[in-house]
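Colleague: So here's protein_39.txt, just compact mmCIF, C-alpha atoms:
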# COMPACT_ATOMS: atom_id res chain seq x y z
CA MET L 384 -61.69 47.44 50.56
CA THR L 385 -59.61 47.30 47.40
CA GLU L 386 -55.99 48.38 47.35
CA SER L 387 -53.90 49.34 44.34
CA LEU L 388 -50.14 49.47 43.93
CA ARG L 389 -48.52 52.78 42.99
CA ASP L 390 -45.14 53.24 41.28
CA SER L 391 -43.65 54.71 44.45
CA GLY L 392 -44.23 51.50 46.35
CA GLU L 393 -46.77 53.16 48.69
CA TYR L 394 -50.35 52.09 49.13
CA GLU L 395 -52.92 54.60 48.01
CA ASN L 396 -55.37 55.66 50.73
CA PRO L 397 -58.82 55.91 49.15
CA TYR L 398 -59.97 58.08 52.09
CA GLN L 399 -57.13 60.58 51.90
CA GLY L 400 -58.24 64.01 53.10
CA ASP L 401 -60.80 62.59 55.51
CA GLN L 402 -59.32 62.96 58.97
CA GLN L 403 -61.70 60.38 60.35
CA TYR L 404 -60.06 57.70 58.23
CA ALA L 405 -56.54 59.11 58.09
CA THR L 406 -53.83 56.51 58.41
CA ALA L 407 -50.17 56.57 59.21
CA PRO L 408 -47.70 56.50 56.31
CA VAL L 409 -46.40 53.15 55.17
CA ASN L 410 -43.39 51.92 57.10
CA PRO L 411 -40.39 53.10 55.06
CA GLU L 412 -38.44 49.97 56.08
CA TRP L 413 -40.80 47.70 54.13
CA PRO L 414 -39.24 46.62 50.83
CA PRO L 415 -41.19 47.39 47.66
CA PRO L 416 -43.01 44.41 46.10
CA PRO L 417 -40.95 42.52 43.50
CA ALA L 418 -41.52 43.42 39.88
CA TYR L 419 -43.76 40.90 38.02
CA ALA L 420 -42.04 39.06 35.16
CA PRO L 421 -44.34 37.22 32.71
CA ALA L 422 -43.55 33.53 32.14
CA PRO L 423 -41.77 32.80 28.86
CA ALA L 424 -43.98 31.56 26.04
CA PRO L 425 -43.80 27.76 25.59
CA LYS L 426 -41.68 26.61 22.67
CA LYS L 427 -43.53 25.00 19.79
CA ARG L 428 -42.67 21.38 19.22
CA LYS L 429 -41.61 20.48 15.73
CA ARG L 430 -43.45 17.54 14.18
CA GLY L 431 -40.69 15.60 12.54
CA PRO L 432 -40.95 12.33 10.61
CA VAL L 433 -40.97 10.23 13.78
CA ALA L 434 -43.92 12.12 15.26
CA LEU L 435 -45.82 11.96 11.96
CA LEU L 436 -45.22 8.22 11.58
CA ALA L 437 -46.38 7.62 15.14
CA ALA L 438 -49.60 9.52 14.43
CA VAL L 439 -50.22 7.53 11.26
CA ALA L 440 -49.52 4.26 13.05
CA ILE L 441 -52.13 5.12 15.69
CA VAL L 442 -54.71 5.79 12.98
CA ALA L 443 -53.72 2.54 11.25
CA ALA L 444 -54.21 0.57 14.45
CA ALA L 445 -57.69 2.02 14.79
CA ILE L 446 -58.67 1.16 11.23
CA GLY L 447 -57.51 -2.43 11.04
CA GLY L 448 -55.13 -5.04 9.68
CA GLY L 449 -55.12 -3.99 6.02
CA THR L 450 -53.94 -0.46 6.66
CA ALA L 451 -51.48 -1.54 9.32
CA TYR L 452 -49.81 -3.71 6.72
CA GLY L 453 -49.55 -0.65 4.50
CA ILE L 454 -47.67 1.21 7.23
CA GLN L 455 -45.24 -1.70 7.59
CA GLU L 456 -44.51 -1.61 3.88
CA LEU L 457 -44.24 2.17 3.68
CA THR L 458 -41.52 2.25 6.30
CA GLY L 459 -39.35 -0.11 4.27
CA ASN L 460 -37.71 0.21 0.90
CA ASP L 461 -40.65 -1.05 -1.14
CA THR L 462 -43.93 0.85 -1.17
CA VAL L 463 -47.11 -1.16 -1.49
CA ALA L 464 -50.41 0.68 -1.31
CA SER L 465 -52.62 -1.16 1.15
CA SER L 466 -55.92 -0.24 2.74
CA SER L 467 -58.99 -1.41 4.57
CA THR L 468 -62.10 -2.22 2.53
CA SER L 469 -63.53 1.19 3.46
CA THR L 470 -60.86 3.10 1.55
CA ASN L 471 -62.12 4.58 -1.71
CA VAL L 472 -59.81 4.31 -4.70
CA VAL L 473 -62.70 5.19 -6.99
CA PRO L 474 -63.62 8.91 -7.25
CA SER L 475 -66.70 9.77 -5.18
CA SER L 476 -68.65 10.76 -8.29
CA GLN L 477 -68.29 7.18 -9.63
CA LYS L 478 -68.35 5.30 -6.34
CA GLY L 479 -70.03 1.90 -6.50
CA THR L 480 -70.05 1.71 -10.31
CA VAL L 481 -68.33 -0.90 -12.47
CA SER L 482 -67.15 1.81 -14.85
CA GLY L 483 -65.64 3.76 -11.96
CA VAL L 484 -63.75 0.69 -10.70
CA ALA L 485 -62.55 -0.15 -14.21
CA LYS L 486 -61.28 3.37 -14.85
CA ALA L 487 -59.46 3.56 -11.52
CA VAL L 488 -57.87 0.09 -11.52
CA SER L 489 -57.32 -0.94 -15.16
CA PRO L 490 -54.00 0.98 -15.43
CA SER L 491 -52.63 -1.35 -12.69
CA ILE L 492 -53.48 -4.61 -14.49
CA VAL L 493 -51.12 -6.13 -17.08
CA GLU L 494 -51.03 -8.94 -19.64
CA ILE L 495 -48.26 -11.52 -19.18
CA SER L 496 -46.88 -13.77 -21.94
CA ALA L 497 -44.53 -16.55 -20.83
CA ASP L 498 -42.50 -18.90 -23.04
CA SER L 499 -40.92 -22.19 -21.93
CA ASN L 500 -39.81 -25.52 -23.35
CA ALA L 501 -43.33 -26.83 -22.73
CA GLY L 502 -44.99 -24.09 -24.78
CA SER L 503 -46.37 -20.63 -24.15
CA SER L 504 -49.00 -19.25 -21.82
CA THR L 505 -50.86 -16.00 -21.37
CA GLY L 506 -52.09 -14.62 -18.08
CA SER L 507 -52.53 -11.41 -16.16
CA GLY L 508 -50.86 -9.61 -13.28
CA VAL L 509 -51.31 -6.78 -10.77
CA ILE L 510 -48.77 -3.94 -10.41
CA ILE L 511 -47.94 -3.37 -6.74
CA THR L 512 -44.97 -0.96 -6.95
CA SER L 513 -44.29 1.93 -9.30
CA ASP L 514 -40.98 0.42 -10.42
CA GLY L 515 -42.63 -2.74 -11.72
CA GLU L 516 -43.22 -5.41 -9.07
CA ILE L 517 -46.15 -7.53 -10.26
CA ILE L 518 -48.13 -10.24 -8.50
CA THR L 519 -49.45 -13.11 -10.64
CA ASN L 520 -50.11 -16.85 -10.43
CA ASN L 521 -47.21 -19.27 -10.21
CA HIS L 522 -48.75 -21.36 -12.97
CA VAL L 523 -48.62 -18.39 -15.37
CA VAL L 524 -44.81 -18.01 -15.21
CA SER L 525 -43.54 -21.30 -13.77
CA GLY L 526 -40.69 -22.69 -15.86
CA ALA L 527 -40.66 -19.69 -18.20
CA SER L 528 -37.47 -18.89 -20.09
CA GLN L 529 -38.82 -15.54 -21.26
CA ILE L 530 -41.52 -13.26 -19.88
CA LYS L 531 -43.07 -10.32 -21.70
CA VAL L 532 -45.47 -7.89 -20.06
CA ARG L 533 -47.80 -5.40 -21.71
CA THR L 534 -49.32 -2.61 -19.62
CA ASN L 535 -52.76 -1.09 -20.05
CA ASP L 536 -51.35 1.81 -22.11
CA GLY L 537 -49.75 -0.57 -24.62
CA LYS L 538 -46.13 -0.40 -23.44
CA SER L 539 -44.11 -3.63 -23.48
CA TYR L 540 -41.49 -4.75 -20.96
CA THR L 541 -39.28 -7.73 -20.30
CA ALA L 542 -39.70 -9.25 -16.83
CA LYS L 543 -37.79 -11.59 -14.54
CA VAL L 544 -39.15 -13.90 -11.86
CA VAL L 545 -38.26 -12.66 -8.36
CA GLY L 546 -39.86 -15.42 -6.32
CA THR L 547 -42.49 -18.15 -6.56
CA ASP L 548 -44.66 -20.04 -4.09
CA SER L 549 -46.18 -23.06 -5.82
CA LYS L 550 -48.11 -24.07 -2.68
CA LYS L 551 -50.11 -20.85 -2.83
CA ASP L 552 -49.95 -20.59 -6.65
CA LEU L 553 -48.33 -17.16 -6.36
CA ALA L 554 -45.39 -15.51 -8.09
CA LEU L 555 -43.69 -12.11 -7.98
CA ILE L 556 -42.09 -10.80 -11.17
CA LYS L 557 -40.22 -7.55 -11.79
CA LEU L 558 -40.22 -5.43 -14.94
CA GLU L 559 -36.88 -4.27 -16.30
CA LYS L 560 -36.28 -0.53 -16.67
CA ALA L 561 -39.76 0.46 -15.47
CA SER L 562 -40.76 3.51 -13.43
CA GLY L 563 -43.77 5.68 -12.72
CA LEU L 564 -46.29 2.83 -13.06
CA LYS L 565 -49.78 3.06 -11.64
CA THR L 566 -49.99 0.80 -8.58
CA ALA L 567 -53.02 -1.09 -7.32
CA THR L 568 -54.28 -0.75 -3.76
CA LEU L 569 -54.36 -4.04 -1.86
CA GLY L 570 -57.50 -4.33 0.27
CA ASP L 571 -58.49 -6.61 3.13
CA SER L 572 -60.07 -9.91 2.09
CA ALA L 573 -61.05 -10.60 5.70
CA GLY L 574 -63.73 -7.94 5.29
CA VAL L 575 -65.28 -9.57 2.22
CA GLY L 576 -68.76 -11.05 2.55
CA VAL L 577 -70.95 -13.33 0.46
CA GLY L 578 -73.06 -11.22 -1.88
CA ASP L 579 -70.56 -8.34 -2.10
CA GLN L 580 -70.30 -6.91 -5.60
CA VAL L 581 -66.94 -7.38 -7.33
CA VAL L 582 -65.18 -6.58 -10.60
CA ALA L 583 -62.64 -8.80 -12.39
CA ILE L 584 -60.00 -7.36 -14.74
CA GLY L 585 -57.57 -9.41 -16.82
CA SER L 586 -56.56 -10.52 -20.31
CA PRO L 587 -58.74 -13.50 -21.29
CA GLU L 588 -57.65 -14.95 -24.64
CA GLY L 589 -55.12 -12.11 -24.90
CA LEU L 590 -57.82 -9.41 -24.80
CA THR L 591 -56.00 -6.95 -22.56
CA GLY L 592 -58.01 -5.01 -19.98
CA THR L 593 -61.22 -7.05 -20.18
CA VAL L 594 -63.67 -6.10 -17.41
CA THR L 595 -66.41 -8.34 -15.97
CA SER L 596 -68.50 -8.06 -12.82
CA GLY L 597 -70.45 -10.20 -10.38
CA ILE L 598 -70.64 -11.02 -6.68
CA ILE L 599 -68.78 -13.05 -4.09
CA SER L 600 -70.57 -16.40 -4.23
CA ALA L 601 -68.81 -18.16 -1.35
CA LEU L 602 -65.80 -17.94 0.95
CA ASP L 603 -63.04 -20.41 1.90
CA ARG L 604 -63.51 -22.82 -0.99
CA ASP L 605 -60.85 -25.55 -1.17
CA VAL L 606 -59.41 -25.42 -4.69
CA THR L 607 -56.70 -27.84 -5.85
CA VAL L 608 -54.43 -26.93 -8.78
CA SER L 609 -51.35 -28.49 -10.32
CA THR L 610 -47.90 -27.18 -9.42
CA ASP L 611 -46.34 -28.77 -12.52
CA GLU L 612 -46.00 -26.13 -15.24
CA SER L 613 -46.09 -28.78 -17.99
CA GLN L 614 -49.64 -29.71 -17.01
CA GLY L 615 -50.96 -26.21 -17.59
CA GLN L 616 -49.00 -25.47 -20.73
CA GLU L 617 -49.68 -28.81 -22.37
CA GLN L 618 -53.35 -28.09 -21.82
CA GLY L 619 -52.82 -24.85 -23.68
CA GLN L 620 -53.45 -22.43 -20.83
CA GLY L 621 -54.09 -18.93 -22.12
CA GLN L 622 -53.91 -18.18 -25.82
CA GLN L 623 -53.66 -21.82 -26.91
CA GLY L 624 -57.07 -22.67 -25.45
CA GLY L 625 -58.16 -24.53 -22.35
CA GLU L 626 -57.32 -23.44 -18.83
CA TRP L 627 -55.00 -24.44 -16.05
CA PRO L 628 -56.33 -27.80 -14.82
CA PHE L 629 -57.79 -27.77 -11.34
CA GLU L 630 -59.81 -29.94 -9.01
CA PHE L 631 -62.82 -28.92 -6.99
CA GLY L 632 -65.10 -31.04 -4.83
CA GLY L 633 -63.19 -34.20 -5.68
CA ARG L 634 -63.67 -33.74 -9.43
CA GLU L 635 -61.04 -32.78 -12.00
CA PHE L 636 -61.60 -30.16 -14.69
CA ASN L 637 -59.72 -29.33 -17.90
CA GLY L 638 -57.56 -32.42 -17.82
CA ASP L 639 -55.48 -34.34 -15.32
CA THR L 640 -54.06 -32.21 -12.52
CA GLY L 641 -51.06 -34.53 -12.30
CA SER L 642 -49.52 -35.97 -9.17
CA ASP L 643 -48.04 -32.69 -7.87
CA THR L 644 -50.87 -30.48 -6.63
CA THR L 645 -51.61 -27.84 -4.03
CA THR L 646 -54.83 -26.83 -2.29
CA TYR L 647 -55.67 -23.37 -0.99
CA LYS L 648 -58.67 -21.50 0.37
CA ALA L 649 -60.25 -19.35 -2.33
CA LEU L 650 -62.93 -16.74 -2.84
CA GLN L 651 -65.64 -17.99 -5.19
CA THR L 652 -67.16 -15.50 -7.64
CA ASP L 653 -69.65 -15.53 -10.49
CA ALA L 654 -67.76 -12.72 -12.26
CA SER L 655 -66.88 -14.13 -15.68
CA LEU L 656 -63.36 -15.61 -15.78
CA ASN L 657 -61.87 -17.10 -18.94
CA PRO L 658 -58.49 -18.47 -20.05
CA GLY L 659 -55.94 -15.70 -19.55
CA ASN L 660 -57.65 -14.17 -16.49
CA SER L 661 -55.25 -16.10 -14.23
CA GLY L 662 -53.18 -13.70 -12.14
CA GLY L 663 -55.54 -10.80 -12.72
CA ALA L 664 -57.47 -8.83 -10.12
CA LEU L 665 -60.70 -9.38 -8.25
CA ILE L 666 -61.73 -5.95 -6.96
CA ASP L 667 -64.29 -4.57 -4.53
CA MET L 668 -66.53 -1.63 -5.46
CA ASN L 669 -64.19 0.83 -3.73
CA GLY L 670 -61.37 -0.15 -6.09
CA ASN L 671 -59.36 -2.29 -3.65
CA ILE L 672 -57.81 -5.58 -4.80
CA ILE L 673 -59.34 -8.35 -2.70
CA GLY L 674 -58.14 -11.39 -4.65
CA ILE L 675 -55.92 -12.74 -7.44
CA ASN L 676 -57.98 -14.71 -9.97
CA SER L 677 -56.55 -18.20 -10.28
CA ALA L 678 -58.96 -20.87 -11.53
CA MET L 679 -62.29 -21.37 -13.28
CA TYR L 680 -64.78 -24.17 -13.70
CA SER L 681 -65.42 -25.70 -17.10
CA ALA L 682 -66.69 -29.03 -18.32
CA ALA L 683 -64.23 -31.90 -18.00
CA GLY L 684 -62.48 -32.69 -21.25
CA ALA L 685 -62.94 -29.21 -22.73
CA SER L 686 -60.44 -28.93 -25.57
CA SER L 687 -61.07 -25.41 -26.82
CA SER L 688 -61.27 -21.98 -25.29
CA ALA L 689 -64.90 -21.70 -26.38
CA ALA L 690 -65.83 -24.89 -24.52
CA ALA L 691 -63.80 -23.72 -21.53
CA GLY L 692 -65.63 -20.42 -21.19
CA SER L 693 -66.94 -19.10 -17.92
CA VAL L 694 -70.03 -20.62 -16.39
CA GLY L 695 -70.05 -18.36 -13.35
CA LEU L 696 -67.76 -20.43 -11.12
CA GLY L 697 -64.45 -18.66 -10.70
CA PHE L 698 -61.95 -18.72 -7.87
CA ALA L 699 -59.49 -16.16 -6.53
CA ILE L 700 -56.66 -16.29 -3.98
CA PRO L 701 -57.57 -13.92 -1.08
CA ILE L 702 -55.38 -10.82 -1.07
CA ASN L 703 -54.50 -11.31 2.60
CA THR L 704 -52.80 -14.56 1.57
CA VAL L 705 -50.80 -12.56 -0.99
CA LYS L 706 -49.78 -9.91 1.53
CA ALA L 707 -48.67 -12.53 4.05
CA ASP L 708 -46.51 -14.18 1.36
CA LEU L 709 -45.01 -11.03 -0.15
CA ALA L 710 -41.84 -10.92 1.98
CA THR L 711 -41.08 -14.54 1.09
CA LEU L 712 -41.56 -13.85 -2.60
CA ARG L 713 -39.31 -10.79 -2.43
CA ALA L 714 -36.64 -12.86 -0.76
CA GLY L 715 -36.46 -15.02 -3.88
CA SER L 716 -38.35 -18.14 -2.79
CA THR L 717 -38.56 -20.69 -5.62
CA ASP L 718 -40.25 -23.66 -3.95
Represent the supplied structure as structure tokens.

Modeller:
Amino acid sequence: MTESLRDSGEYENPYQGDQQYATAPVNPEWPPPPAYAPAPAPKKRKRGPVALLAAVAIVAAAIGGGTAYGIQELTGNDTVASSSTSTNVVPSSQKGTVSGVAKAVSPSIVEISADSNAGSSTGSGVIITSDGEIITNNHVVSGASQIKVRTNDGKSYTAKVVGTDSKKDLALIKLEKASGLKTATLGDSAGVGVGDQVVAIGSPEGLTGTVTSGIISALDRDVTVSTDESQGQEQGQGQQGGEWPFEFGGREFNGDTGSDTTTYKALQTDASLNPGNSGGALIDMNGNIIGINSAMYSAAGASSSAAAGSVGLGFAIPINTVKADLATLRAGSTD
């Protein structure tokens, strides 16, 4: 039998009027049931910056090391775009094409001209912050008294060396009075495999924005280069012909490497590299920077840029090495 509450506090008798089921009135001493008060609506939590950052960090942890590094940088004063190899910098309509990679990344690659007492050199660099931080090879700017940088759109800047690491053949330079620059996205070289298609962008022989393509030919190649700037500049690295001397497999190329050398693990590529490509970008087909081009093979004793042209054996410093070294470079290391 179902009962219903009435406003008077009495129970309604569904059989009222039927004497057989008549009941006595409700005891007047019983208190009326308490009035029902609905529970207050829960307050909405505001998602502030801390909550948002926590959510992003969780996603980063799920994706992998490359993106996690990006979160570390984004929470500091300097913003470096970093991603996993699955991140697409190239528009979906041009995904996987050399032209798509070139269009997306070329604005982040610069030509570097460095003058010193030993001569002049020309190389390339990769913009990593919008206010003009640029990664390049140490041998491109080592010992330079003046550095000029030309961006893809033809603008010229003066640059200063922030930090160098001769053991990894890396350098960080900073443009003066620069802002709003197009930054490159640093990928994850740990995800690179032999046979992966790649694109190289740099300024061989001073030809700004030159694009070549190929594949990753091998991983973890031991490449030995000189850390003495006079060796590279006396050989005429860049616009004067020749290329930074280096040693591979126990053999020396493009002249004597000198007594002061360093060896690092490199990505090998058959993408065409020529004098002036040093410091430029090696890029995956999603538009992520996976290496900094640093050395090329040419016949021993080559004395001209024509003789020192690419033969499909180029080498690049893995971008994970660059990312691990970035804090040291920013701190002003000059070893």

Colleague: Please tell me which residues are no farther than 7 Å from (-54.6, -3.5, -20.0) in the file, counting all atoms listed in the file, and write them as a list in words.

Modeller: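 Neighbouring residues, ordered by chain and number, come to Ser489, Pro490, Ile492, Val493, Glu494, Thr534, Asn535, Asp536, Thr591 and Gly592 of chain L.
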
Colleague: Please produce a file of those selected residues containing C-alpha atoms, as a PDB file, in the frame of the given file.

Modeller:
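Contents of part-v5.pdb, as written:
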ATOM      1  CA  SER L 489     -57.320  -0.940 -15.160  1.00  0.00           C
ATOM      2  CA  PRO L 490     -54.000   0.980 -15.430  1.00  0.00           C
ATOM      3  CA  ILE L 492     -53.480  -4.610 -14.490  1.00  0.00           C
ATOM      4  CA  VAL L 493     -51.120  -6.130 -17.080  1.00  0.00           C
ATOM      5  CA  GLU L 494     -51.030  -8.940 -19.640  1.00  0.00           C
ATOM      6  CA  THR L 534     -49.320  -2.610 -19.620  1.00  0.00           C
ATOM      7  CA  ASN L 535     -52.760  -1.090 -20.050  1.00  0.00           C
ATOM      8  CA  ASP L 536     -51.350   1.810 -22.110  1.00  0.00           C
ATOM      9  CA  THR L 591     -56.000  -6.950 -22.560  1.00  0.00           C
ATOM     10  CA  GLY L 592     -58.010  -5.010 -19.980  1.00  0.00           C
TER      11      GLY L 592
END

Colleague: Please list as a PyMOL selection string every residue within 12 Å of L:Arg604, counting only C-alpha atoms and excluding residues in the same chain fewer than 4 positions away.

Modeller: chain L and resi 599-600+630-632+646-652+678+696-701

Colleague: Need the shell around stretch 709-715 of chain L: protein/DNA/RNA residues with any atom at most 7 Å away, counting only C-alpha atoms. Skip same-chain ones fewer than 6 positions apart. Format as a PyMOL selection string?

Modeller: chain L and resi 545-547+554-555

Colleague: L:Gly663, L:Asn671, L:Thr607, L:Thr568: which is nearest L:Lys550, counting only C-alpha atoms?

Modeller: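 Checking each of L:Gly663, L:Asn671, L:Thr607, L:Thr568 against L:Lys550, counting only C-alpha atoms, the winner is L:Thr607.
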
Colleague: When you look at L:Ser482 with a cut-off of 12 Å (counting only C-alpha atoms), what residues show up, excluding the ones that are within fewer than 4 positions of it in the same chain? I need them as a list in words.

Modeller: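 Non-adjacent residues within range: Val473, Pro474, Ser476, Gln477, Lys478, Lys486, Ala487, Val488, Ser489, Val581, Val582, Ala583, Ile584, Thr593, Val594, Thr595, Ser596, Met668, Asn669 and Gly670 of chain L.
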
Colleague: If you count only C-alpha atoms, which residues fall within 8 Å of L:Gly695, apart from same-chain ones fewer than 6 positions away, as an MDAnalysis selection string?

Modeller: chainID L and resid 652:656 680

Colleague: Just give me the gap between atom CA of L:Ala567 and atom CA of L:Val472 in Å, one decimal is fine.

Modeller: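 Between atom CA of L:Ala567 and atom CA of L:Val472 the gap is 9.1 Å.
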